[in-house]
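Peer 1: The structure under discussion is supplied below as structure tokens; questions concerning it will follow.
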Amino acid sequence: MFTKKPEPSGPMAKLGGERPSSASESKSSPFTDRPSPQPKAPGPAMGKMVPSIIGEDLSIQGNVSSKGEIQVDGQIQGDVHCGSLLLGDKAQINGSVVAEDVVVRGKVMGSVRGLRVTLQSQSHVEGDIYHQSLAIEQGAYFEGKSRRSDNPMEAASSGSKPSSAATSSGNPFSSNAAE
């Protein structure tokens, strides 16, 4: 039914697979000088990485850290540090969040630090937000202060310097105000 045109340059390699190799074929093959192409595994070179998912039935006691994207649908009792965070509708984090991109649909009880922070309409955040850009949809619950910073991630990695500077400056909202 289908006919193939013979190629004058020799046998053709099949797409998507390796050719079977034999001793007699390797001497006459035009591909012997070049290494055979290896299929690339999915990863950063192939495009967007697959997020790490914390399911609804999973509860984590401790800090969570990733260089990539994390999608949380369960509960985390600890700090989260990642490249990108998507917090689902029923998810809850009791701890601080540090990520370049943060999208909150669930509940965060702690500070949020990110370049781009989005609080969607069903979100509930009790804590301070340090950001480059902040979007709060109508219906979102936010109790805390928001502070724009050119590099909100840097302040998180430098330790507790911002909080000690705030307490020594006579800030009436600091923890030393009651003393």
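Going through the structure tokens in order, the chains are called A, B, and so on, while each chain numbers its residues from 1 and the ligands are numbered from 1 in the order shown.
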I'd like the neighbourhood of stretch 61-77 of chain A as an NGL selection string, where a residue qualifies if any of its atoms comes within 8 Å (using only C-alpha atoms), though same-chain residues fewer than 5 positions away should be ignored.
Peer 2: :A and (49-56 or 82-95)
Peer 1: Would you save the residues from that selection as a short mmCIF file (atom, residue, chain, number, x, y, z; two decimals), in the first residue's frame, using C-alpha atoms?
Peer 2:
```
data_model
loop_
_atom_site.label_atom_id
_atom_site.label_comp_id
_atom_site.auth_asym_id
_atom_site.auth_seq_id
_atom_site.Cartn_x
_atom_site.Cartn_y
_atom_site.Cartn_z
CA MET A 49 8.84 21.60 35.48
CA VAL A 50 6.13 19.48 37.05
CA PRO A 51 5.12 20.83 40.48
CA SER A 52 5.56 18.87 43.68
CA ILE A 53 2.06 18.25 45.02
CA ILE A 54 1.10 17.95 48.67
CA GLY A 55 -2.32 16.31 48.53
CA GLU A 56 -5.43 17.06 50.61
CA CYS A 82 10.34 27.38 47.19
CA GLY A 83 10.52 28.90 43.73
CA SER A 84 6.77 29.07 43.22
CA LEU A 85 3.86 28.26 45.54
CA LEU A 86 0.24 27.52 44.69
CA LEU A 87 -1.89 27.13 47.81
CA GLY A 88 -5.17 25.32 47.09
CA ASP A 89 -8.68 26.10 48.39
CA LYS A 90 -8.58 23.69 51.35
CA ALA A 91 -4.86 24.06 52.09
CA GLN A 92 -3.43 25.57 55.25
CA ILE A 93 0.10 26.70 56.15
CA ASN A 94 1.00 27.62 59.73
CA GLY A 95 4.38 29.21 59.17
#
```
Peer 1: What is the distance, in Å and to one decimal place, between atom CA of A:Leu58 and atom CA of A:Phe142?
Peer 2: 25.3 Å
